[in-house]
Amino acid sequence: MPDHHIGLIVPSSNLTMETELPRMLRARESVAPEDRFVFHTSRMRMRHVTPEQLREMNAQTERAALELADARPDVVASACLVALMAQGPGHHEVAEAEIAAVLDGQGAKAPVVSSAGALLSGIAALGARRVAIVTPYMKELTCLVTGCIEAAGIEVVDALSLEVPDNLAVARLDPADLREHWKRLRLDGAEALVLSACVQMPSLEAIQAVEDESGLPVLSAATATTFRVLESLGLPTVVPGAGRLLSGTVQGGRGVAAVRATGRPHTAG
């Protein structure tokens, strides 16, 4: 029974990615017990979601990647969507390449994914060209996220900003509220709904319920990151109760942002 070692790079104030990603992969073990998952995290200092603090946090990427290299992970996920999208379209590819180079330099080759790239590839995997999104960000940052999504050829038909600047406060938002928030969006023409365009805003508990009620595929930055992690490990992308993207029926999520595999992942049993 193999253990798959997953490295996470997260903001210092992030409480959610280390909760939702393990929760999804534990749920996966209920239907695929042959795979187990172990998590290793490196943190980068950031308390408030402002352009200045996001830039300061990004400057810590090399140090965080070096720390994870020592653990020899099978895959590394950079988990702060807005930190990369705030730097402009395509910056997630730059960040993924930077982390991959650090790992390679330490003899710890592994695939690298980012929540920013994962969201784009998750939308592409669903075949959606028009989406609506919910974010916890101030409107200025939501506009930057929207711009990155649209630069990838995906129209954002509507966006809802909850305008919570404190990152810890974002983590404490009640995911049950998303079951009402999405109803404030204009969904005419939307082909998918991004219930949380942020790995810090909890949404997992609402994903399947909103998908069932809306009739649209529903994903989040966290479910999309899980999809990419599983895909990069060569594992079926199945997580029960986490929406269509993780139903095991969706293929081809590499179209927009290819996984940067720098070597074959190892497993330890």
# chains A, B, ... in the order shown; residues from 1 in each chain; ligands from 1
$ select_by_dssp --residues "region 12-261 of chain A" --states "alpha helix (DSSP H)" --output "JSON, numbers by chain"
{"A": [17, 18, 19, 20, 21, 22, 23, 24, 25, 26, 27, 28, 29, 51, 52, 53, 54, 55, 56, 57, 58, 61, 62, 63, 64, 65, 66, 67, 68, 69, 81, 82, 83, 84, 85, 91, 92, 93, 94, 95, 96, 97, 98, 99, 100, 101, 102, 103, 104, 105, 115, 116, 117, 118, 119, 120, 121, 122, 123, 124, 125, 139, 140, 141, 142, 143, 144, 145, 146, 147, 148, 149, 150, 151, 167, 168, 169, 170, 171, 178, 179, 180, 181, 204, 205, 206, 207, 208, 209, 210, 211, 212, 213, 214, 221, 222, 223, 224, 225, 226, 227, 228, 229, 230, 231, 232]}
$ residues_around --residues "Phe39 (chain A)" --least-positions-apart "5" --cutoff "9 Å" --atoms "only C-alpha atoms" --output "PyMOL selection string"
chain A and resi 4-8+18+22+73
$ write_last_selection --atoms "N, CA and C atoms" --output "PDB file, in the first residue's frame"
ATOM      1  N   HIS A   4       1.793   8.331  -0.786  1.00  0.00           N
ATOM      2  CA  HIS A   4       2.122   9.394  -1.721  1.00  0.00           C
ATOM      3  C   HIS A   4       2.415  10.654  -0.897  1.00  0.00           C
ATOM      4  N   HIS A   5       3.622  11.175  -1.011  1.00  0.00           N
ATOM      5  CA  HIS A   5       4.040  12.315  -0.209  1.00  0.00           C
ATOM      6  C   HIS A   5       3.749  13.618  -0.967  1.00  0.00           C
ATOM      7  N   ILE A   6       2.922  14.462  -0.381  1.00  0.00           N
ATOM      8  CA  ILE A   6       2.482  15.697  -1.014  1.00  0.00           C
ATOM      9  C   ILE A   6       3.059  16.880  -0.262  1.00  0.00           C
ATOM     10  N   GLY A   7       3.809  17.710  -0.971  1.00  0.00           N
ATOM     11  CA  GLY A   7       4.345  18.929  -0.386  1.00  0.00           C
ATOM     12  C   GLY A   7       3.419  20.097  -0.670  1.00  0.00           C
ATOM     13  N   LEU A   8       3.164  20.918   0.332  1.00  0.00           N
ATOM     14  CA  LEU A   8       2.311  22.089   0.189  1.00  0.00           C
ATOM     15  C   LEU A   8       3.104  23.343   0.531  1.00  0.00           C
ATOM     16  N   GLU A  18      -4.703  22.965   4.311  1.00  0.00           N
ATOM     17  CA  GLU A  18      -4.251  21.795   5.062  1.00  0.00           C
ATOM     18  C   GLU A  18      -5.415  21.043   5.709  1.00  0.00           C
ATOM     19  N   PRO A  22      -6.398  17.328   2.613  1.00  0.00           N
ATOM     20  CA  PRO A  22      -6.362  16.025   3.297  1.00  0.00           C
ATOM     21  C   PRO A  22      -7.742  15.401   3.456  1.00  0.00           C
ATOM     22  N   PRO A  73       9.251  15.085  -1.671  1.00  0.00           N
ATOM     23  CA  PRO A  73       7.837  14.844  -1.973  1.00  0.00           C
ATOM     24  C   PRO A  73       7.649  14.248  -3.364  1.00  0.00           C
TER      25      PRO A  73
END
$ select_by_dssp --residues "region 36-227 of chain A" --states "strand (DSSP E)" --output "JSON, numbers by chain"
{"A": [36, 37, 38, 39, 40, 41, 42, 43, 44, 75, 76, 77, 78, 112, 113, 114, 130, 131, 132, 133, 134, 135, 155, 156, 157, 158, 159, 160, 161, 192, 193, 194, 195, 196, 218, 219, 220]}
$ closest_atom_pairs --of "region 143-257 of chain A" --to "region 41-49 of chain A" --cutoff "8 Å" --atoms "only C-alpha atoms" --output "JSON lines"
{"residue": "A:Pro165", "atom": "CA", "partner": "A:Val49", "partner_atom": "CA", "distance": 5.4}
{"residue": "A:Asp166", "atom": "CA", "partner": "A:His48", "partner_atom": "CA", "distance": 4.8}
{"residue": "A:Asn167", "atom": "CA", "partner": "A:His48", "partner_atom": "CA", "distance": 5.4}
{"residue": "A:Leu168", "atom": "CA", "partner": "A:Arg47", "partner_atom": "CA", "distance": 7.3}
$ residues_around --residues "Ile133 (chain A)" --least-positions-apart "5" --cutoff "7 Å" --atoms "only C-alpha atoms" --output "ChimeraX atom specification"
/A:158-160,193-197
$ residues_around --residues "Arg55 (chain A)" --least-positions-apart "2" --cutoff "12 Å" --atoms "only C-alpha atoms" --output "list of chain:residue names"
A:Pro11, A:Met44, A:Arg45, A:Met46, A:His48, A:Val49, A:Thr50, A:Pro51, A:Glu52, A:Gln53, A:Met57, A:Asn58, A:Ala59, A:Gln60, A:Thr61, A:Cys80, A:Val82, A:Ala83, A:Leu84, A:Met85, A:Ala86, A:Gln87, A:Gly88
$ atom_distance --atom1 "CA of Thr226 (chain A)" --atom2 "CA of Val238 (chain A)"
9.5 Å
$ closest_residue --among "A:Asp104, A:Asp70, A:Asn14, A:Gly90" --to "Cys148 (chain A)" --atoms "only C-alpha atoms"
A:Gly90
$ residues_around --residues "Ala222 (chain A)" --least-positions-apart "6" --cutoff "12 Å" --atoms "only C-alpha atoms" --output "PyMOL selection string"
chain A and resi 16-25+77-81+113-119+122+194-205+207+228-229+242-243+245-246
$ write_last_selection --atoms "C-alpha atoms" --output "PDB file, in the first residue's frame"
ATOM      1  CA  THR A  16      -7.983  25.742   4.950  1.00  0.00           C
ATOM      2  CA  MET A  17      -5.731  24.069   2.397  1.00  0.00           C
ATOM      3  CA  GLU A  18      -4.251  21.795   5.062  1.00  0.00           C
ATOM      4  CA  THR A  19      -7.833  20.902   6.012  1.00  0.00           C
ATOM      5  CA  GLU A  20      -9.707  20.493   2.723  1.00  0.00           C
ATOM      6  CA  LEU A  21      -7.034  18.726   0.659  1.00  0.00           C
ATOM      7  CA  PRO A  22      -6.362  16.025   3.297  1.00  0.00           C
ATOM      8  CA  ARG A  23     -10.105  15.689   3.876  1.00  0.00           C
ATOM      9  CA  MET A  24     -10.691  15.037   0.177  1.00  0.00           C
ATOM     10  CA  LEU A  25      -7.905  12.503  -0.074  1.00  0.00           C
ATOM     11  CA  ALA A  77       1.401  22.158  -4.733  1.00  0.00           C
ATOM     12  CA  SER A  78       1.748  25.927  -4.401  1.00  0.00           C
ATOM     13  CA  ALA A  79      -1.487  26.887  -2.707  1.00  0.00           C
ATOM     14  CA  CYS A  80      -2.294  30.580  -2.924  1.00  0.00           C
ATOM     15  CA  LEU A  81      -4.229  31.402  -6.068  1.00  0.00           C
ATOM     16  CA  VAL A 113       1.233  22.326  -9.537  1.00  0.00           C
ATOM     17  CA  SER A 114      -0.276  25.604  -8.392  1.00  0.00           C
ATOM     18  CA  SER A 115      -3.801  26.397  -7.306  1.00  0.00           C
ATOM     19  CA  ALA A 116      -3.853  29.200  -9.903  1.00  0.00           C
ATOM     20  CA  GLY A 117      -2.928  26.893 -12.762  1.00  0.00           C
ATOM     21  CA  ALA A 118      -5.131  24.146 -11.348  1.00  0.00           C
ATOM     22  CA  LEU A 119      -8.240  26.318 -11.444  1.00  0.00           C
ATOM     23  CA  GLY A 122      -9.958  22.352 -13.970  1.00  0.00           C
ATOM     24  CA  VAL A 194     -16.344  28.452  -9.210  1.00  0.00           C
ATOM     25  CA  LEU A 195     -17.706  28.457  -5.677  1.00  0.00           C
ATOM     26  CA  SER A 196     -14.411  29.553  -4.131  1.00  0.00           C
ATOM     27  CA  ALA A 197     -11.663  31.077  -6.271  1.00  0.00           C
ATOM     28  CA  CYS A 198      -9.435  30.941  -3.181  1.00  0.00           C
ATOM     29  CA  VAL A 199      -7.893  28.009  -1.325  1.00  0.00           C
ATOM     30  CA  GLN A 200      -8.355  29.822   1.976  1.00  0.00           C
ATOM     31  CA  MET A 201     -12.141  30.276   1.744  1.00  0.00           C
ATOM     32  CA  PRO A 202     -13.766  27.019   2.940  1.00  0.00           C
ATOM     33  CA  SER A 203     -16.189  25.564   0.421  1.00  0.00           C
ATOM     34  CA  LEU A 204     -15.861  21.785   0.383  1.00  0.00           C
ATOM     35  CA  GLU A 205     -18.988  21.180   2.437  1.00  0.00           C
ATOM     36  CA  ILE A 207     -19.626  21.961  -3.404  1.00  0.00           C
ATOM     37  CA  ARG A 228      -4.152  18.262 -10.536  1.00  0.00           C
ATOM     38  CA  VAL A 229      -2.352  16.538  -7.652  1.00  0.00           C
ATOM     39  CA  ALA A 242     -16.654  16.728  -4.261  1.00  0.00           C
ATOM     40  CA  GLY A 243     -18.376  17.694  -7.499  1.00  0.00           C
ATOM     41  CA  LEU A 245     -14.481  17.523 -11.535  1.00  0.00           C
ATOM     42  CA  LEU A 246     -13.559  14.810  -9.027  1.00  0.00           C
TER      43      LEU A 246
END
$ atom_distance --atom1 "CA of Pro240 (chain A)" --atom2 "CA of Ser30 (chain A)"
8.7 Å
$ atom_distance --atom1 "CA of Ile154 (chain A)" --atom2 "CA of Val131 (chain A)"
7.2 Å
$ closest_residue --among "A:Ala65, A:Ala124, A:Leu173, A:Glu155" --to "Val112 (chain A)" --atoms "only C-alpha atoms"
A:Ala65
$ decode --residues "region 177-240 of chain A" --atoms "C-alpha atoms" --output "PDB file, in the first residue's frame"
ATOM      1  CA  ASP A 177     -23.188  30.538   3.545  1.00  0.00           C
ATOM      2  CA  LEU A 178     -22.002  29.712   0.030  1.00  0.00           C
ATOM      3  CA  ARG A 179     -25.228  27.776  -0.453  1.00  0.00           C
ATOM      4  CA  GLU A 180     -26.909  31.196  -0.543  1.00  0.00           C
ATOM      5  CA  HIS A 181     -24.110  33.403  -1.904  1.00  0.00           C
ATOM      6  CA  TRP A 182     -24.070  31.669  -5.294  1.00  0.00           C
ATOM      7  CA  LYS A 183     -27.702  32.686  -5.831  1.00  0.00           C
ATOM      8  CA  ARG A 184     -26.558  36.331  -6.035  1.00  0.00           C
ATOM      9  CA  LEU A 185     -24.653  35.582  -9.238  1.00  0.00           C
ATOM     10  CA  ARG A 186     -26.001  36.107 -12.743  1.00  0.00           C
ATOM     11  CA  LEU A 187     -25.635  32.680 -14.293  1.00  0.00           C
ATOM     12  CA  ASP A 188     -27.053  33.291 -17.777  1.00  0.00           C
ATOM     13  CA  GLY A 189     -24.778  31.379 -20.129  1.00  0.00           C
ATOM     14  CA  ALA A 190     -22.499  30.066 -17.363  1.00  0.00           C
ATOM     15  CA  GLU A 191     -21.218  26.542 -17.967  1.00  0.00           C
ATOM     16  CA  ALA A 192     -19.565  26.087 -14.566  1.00  0.00           C
ATOM     17  CA  LEU A 193     -19.524  27.764 -11.168  1.00  0.00           C
ATOM     18  CA  VAL A 194     -16.344  28.452  -9.210  1.00  0.00           C
ATOM     19  CA  LEU A 195     -17.706  28.457  -5.677  1.00  0.00           C
ATOM     20  CA  SER A 196     -14.411  29.553  -4.131  1.00  0.00           C
ATOM     21  CA  ALA A 197     -11.663  31.077  -6.271  1.00  0.00           C
ATOM     22  CA  CYS A 198      -9.435  30.941  -3.181  1.00  0.00           C
ATOM     23  CA  VAL A 199      -7.893  28.009  -1.325  1.00  0.00           C
ATOM     24  CA  GLN A 200      -8.355  29.822   1.976  1.00  0.00           C
ATOM     25  CA  MET A 201     -12.141  30.276   1.744  1.00  0.00           C
ATOM     26  CA  PRO A 202     -13.766  27.019   2.940  1.00  0.00           C
ATOM     27  CA  SER A 203     -16.189  25.564   0.421  1.00  0.00           C
ATOM     28  CA  LEU A 204     -15.861  21.785   0.383  1.00  0.00           C
ATOM     29  CA  GLU A 205     -18.988  21.180   2.437  1.00  0.00           C
ATOM     30  CA  ALA A 206     -21.051  23.188  -0.077  1.00  0.00           C
ATOM     31  CA  ILE A 207     -19.626  21.961  -3.404  1.00  0.00           C
ATOM     32  CA  GLN A 208     -21.869  18.958  -4.012  1.00  0.00           C
ATOM     33  CA  ALA A 209     -24.991  20.606  -2.590  1.00  0.00           C
ATOM     34  CA  VAL A 210     -24.627  23.679  -4.824  1.00  0.00           C
ATOM     35  CA  GLU A 211     -23.854  21.495  -7.833  1.00  0.00           C
ATOM     36  CA  ASP A 212     -26.999  19.475  -7.218  1.00  0.00           C
ATOM     37  CA  GLU A 213     -29.127  22.595  -6.764  1.00  0.00           C
ATOM     38  CA  SER A 214     -27.700  24.694  -9.583  1.00  0.00           C
ATOM     39  CA  GLY A 215     -27.402  21.958 -12.178  1.00  0.00           C
ATOM     40  CA  LEU A 216     -23.950  23.300 -13.113  1.00  0.00           C
ATOM     41  CA  PRO A 217     -20.549  21.709 -12.535  1.00  0.00           C
ATOM     42  CA  VAL A 218     -19.192  23.310  -9.358  1.00  0.00           C
ATOM     43  CA  LEU A 219     -15.513  23.499  -8.501  1.00  0.00           C
ATOM     44  CA  SER A 220     -13.190  25.443  -6.244  1.00  0.00           C
ATOM     45  CA  ALA A 221      -9.506  26.283  -6.166  1.00  0.00           C
ATOM     46  CA  ALA A 222      -9.104  23.447  -3.653  1.00  0.00           C
ATOM     47  CA  THR A 223     -10.972  20.779  -5.653  1.00  0.00           C
ATOM     48  CA  ALA A 224      -9.096  21.842  -8.789  1.00  0.00           C
ATOM     49  CA  THR A 225      -5.767  21.556  -6.952  1.00  0.00           C
ATOM     50  CA  THR A 226      -6.726  18.080  -5.751  1.00  0.00           C
ATOM     51  CA  PHE A 227      -7.594  17.137  -9.350  1.00  0.00           C
ATOM     52  CA  ARG A 228      -4.152  18.262 -10.536  1.00  0.00           C
ATOM     53  CA  VAL A 229      -2.352  16.538  -7.652  1.00  0.00           C
ATOM     54  CA  LEU A 230      -4.042  13.223  -8.408  1.00  0.00           C
ATOM     55  CA  GLU A 231      -3.489  13.643 -12.130  1.00  0.00           C
ATOM     56  CA  SER A 232       0.212  14.382 -11.667  1.00  0.00           C
ATOM     57  CA  LEU A 233       0.561  11.250  -9.511  1.00  0.00           C
ATOM     58  CA  GLY A 234      -1.045   9.193 -12.265  1.00  0.00           C
ATOM     59  CA  LEU A 235      -4.024   8.312 -10.056  1.00  0.00           C
ATOM     60  CA  PRO A 236      -7.745   8.287 -10.918  1.00  0.00           C
ATOM     61  CA  THR A 237      -9.257  11.690 -10.142  1.00  0.00           C
ATOM     62  CA  VAL A 238     -11.977  10.387  -7.846  1.00  0.00           C
ATOM     63  CA  VAL A 239     -13.152  11.986  -4.603  1.00  0.00           C
ATOM     64  CA  PRO A 240     -16.703  11.136  -3.506  1.00  0.00           C
TER      65      PRO A 240
END
